[in-house]
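Down below is the structure, laid out as structure tokens.
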Amino acid sequence: MVHKRATCIFLIILVLTSLVGISAQEEEREEETNRKVTFSNAQFSVLETYGMERMGAMYMRGFAVSKDGKYLYVGLVHGENGLFRLNTSDGSFDGISYYDKDNGMIKGIATDDRGYVYIGITSETAEGSVSIACLDKDLNELSYEVIEIDGKVGINGVEVAKKGERYYMYFITNYDVNTVRCYDVTDPGNISPAKDVGVNGVIYLDKFLGSPIAQANYLKIDEDGSIYLTANMNMFRPKGDTVLKIDKDWKKVQRIFALDDAYGIHLHKDYVFVSRYGEGESNVYILDKNLKVIEVVGWMPGCVNYSGVAVANGRIYIADQLFMGIDRIIVSEVIDDLVEPSRTKQVLTIVLISVGVVVVAIVVYSVKKLQKMLR
């Protein structure tokens with residue numbers, strides 16, 4: 001009898017010790033990472049620099065990140081104009097590139113969750129036509145479309161969004177022809193205008209925004225279909241002056257935020273990131289989905305024009321065009337609020353919860369057993 005009591009008491013002590021041990025390990029992990037990195041205290045540094053001698057081109061304009069966070073895709077628009085794939089880990093060029101057959105300028109880049117890359121191409125003369133192309137992740141061309149448009153015309157922003165089972169590519173034309181155009185790219189090798197968007201696939205910005213001079217820069221589309229757009233509404237600034245939130249059907253402007261030099265734009269989690277093309281005063285505005293300012297980050301000594309911004313692996317990446325005659329990418333340290341829960345952490349959490357349930361069950365059983373023995 002005494003032996004059984006001792007065994008039960010020992011079992012309870014063992015279980016409780018295990019619980020304390022698990023708790024202590026969790027506290028130790030928290031202590032090891034007790035510095036919470038926020039938007040307000042995140043440090044920024046130069047990831048890598050690029051120049052004509054190294055890349056054969058310069059003026060970093062198009063800027064996008066792959067959905068898996070492995071690659072940055074950048075467009076360089078002076079010299080041997082091209083699209084280049086960089087590693088997000090260290091900014092290195094991995095040798096994968098794409099060149100337009102007519103040396104067009106790739107200012108707009110987007111990626112989708114299938115790994116495809118979409119580009120908008122402005123011709124060298126910016127007259128009479130623009131081109132779009134769909135590429136695989138290694139930048140092999142799957143389709144190429146020349147779109148004839150009268151007048152001076154080019155492409156800035158490009159975005160791809162999924163609606164149901166179909167994928168749509170949106171691209172902005174500007175200069176004399178200010179529109180947003182949409183193509184169905186569900187099959188990247190066989191693309192066509194999306195007739196169900198706007199007027200036969202074209203949204204005329206002068207009518208939609210109510211201004212004959214308004215020009216759009218870049219756009220992003222949220223999971224709920226909301227469109228976020230940087231634009232130059234009044235043309236008092238060289239590049240941009242406004243951020244807009246538009247409903248998913250392109251019927252109504254829902255929110256407007258005035259921001260001098262608003263240019264590049266990116267969505268991640270609950271945040272809207274806008275880079276300012278600010279001639280030495282460049283920075284990145286972090287907004288909520290209602291375009292309220294959360295924080296302003298990223299200014300660096302000697303910065304020139306922040307032409308693009310992206311988020312991957314918990315870090316903010318910024319394209320700085322023509323820093324001291326070259327291009328560079330600026331990167332933040334890992335910011336806690338931008339980190340997606342890792343699969344390992346999710347599994348560990350499930351395991352710990354399961355262990356906790358088992359431990360509680362054992363404790364309850366042991367207590368009942370002990371109570372019976374002590375009667």
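We label chains A, B, ... in the order they appear in the structure tokens, count residues from 1 in each chain, and number ligands from 1 in the order shown.
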Within 12 Å of Asn283 in chain A, counting only C-alpha atoms, which residues show up once you throw out same-chain ones fewer than 2 positions away? Write them as a PyMOL selection string, please.
-> chain A and resi 44+259-264+273-281+285-286+295-309+316-320+330
Test item: residues at most 10 Å from Tyr144 in chain A, only C-alpha atoms, excluding those fewer than 5 positions along its chain, as a ChimeraX atom specification = /A:100,119,131-135,188-191
Hey, what's within 12 Å of range 288-293 of chain A if we count only C-alpha atoms and toss same-chain stuff fewer than 4 positions away? As a PyMOL selection string, please?
-> chain A and resi 39+220-224+226-230+242-246+253-259+266-274+284+297
Between A:Gly120, A:Gly151, A:Gly198, A:Gly210, which has the minimum distance to Phe63 in chain A (counting only C-alpha atoms)?
-> A:Gly120
Mind giving me the straight-line distance from CA of Ala194 in chain A to CA of Cys182 in chain A in Å, one decimal?
->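 A separation of 5.6 Å between them.
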For Glu165 in chain A, please output as a count of residues only all residues within 12 Å (counting only C-alpha atoms; exclusion window: fewer than 5 positions along the same chain).
-> 4
May I have the residues within 12 Å of Glu148 in chain A as a count of residues only, using only C-alpha atoms and disregarding those fewer than 3 positions away in the same chain?
-> 16
Which residues in range 149-283 of chain A does DSSP call strand (DSSP E or B)? List them as number ranges by chain.
-> A: 149-163, 166-175, 179-184, 192-193, 199, 202-204, 215-221, 227-232, 242-246, 253-258, 262-268, 271-276
In range 196-300 of chain A, DSSP helix (DSSP H, G or I) residues written as a PyMOL selection string = chain A and resi 205-209
Given only C-alpha atoms as the counted atoms, nearest of A:Asp138, A:Lys107, A:Glu53, A:Gly225 to Asp94 in chain A | A:Asp138
Mind giving me the straight-line distance from CA of Gly325 in chain A to CA of Val117 in chain A in Å, one decimal?
-> 28.2 Å
May I have the residues within 6 Å of range 72-83 of chain A as a CSV table (one decimal) with C-alpha atoms, in the first residue's frame, using only C-alpha atoms and disregarding those fewer than 6 positions away in the same chain?
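Contents of around-v7.csv, freshly written:
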```csv
chain,number,residue,atom,x,y,z
A,56,GLY,CA,25.4,46.6,-68.2
A,57,ALA,CA,22.5,48.8,-67.3
A,58,MET,CA,21.3,51.2,-64.5
A,59,TYR,CA,18.3,53.2,-63.2
A,60,MET,CA,16.4,50.6,-61.1
A,61,ARG,CA,12.7,51.1,-61.8
A,62,GLY,CA,10.7,47.9,-61.9
A,63,PHE,CA,10.8,46.1,-58.5
A,64,ALA,CA,9.0,42.9,-57.3
A,65,VAL,CA,9.5,39.9,-55.1
A,97,SER,CA,18.0,37.8,-66.8
A,98,TYR,CA,15.6,38.7,-69.6
A,99,TYR,CA,16.1,41.3,-72.4
A,103,ASN,CA,15.7,47.0,-75.9
A,105,MET,CA,12.4,49.5,-70.7
A,106,ILE,CA,10.9,47.2,-68.1
A,107,LYS,CA,9.4,49.5,-65.6
```
Please, what distance in Å, to one decimal, runs between CA of Met55 in chain A and CA of Leu219 in chain A?
-> 27.0 Å
Using only C-alpha atoms, which residue out of A:Ile109, A:Lys195, A:Ile172, A:Phe236 lies closest to Ala216 in chain A?
->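 When distances to Ala216 in chain A are compared using only C-alpha atoms, the smallest one comes from A:Ile172.
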Residues near Gly115 in chain A, cut-off 8 Å, only C-alpha atoms, skip fewer than 3 positions along chain, as a VMD selection string = chain A and resid 66 to 67 111 to 112 136 to 137
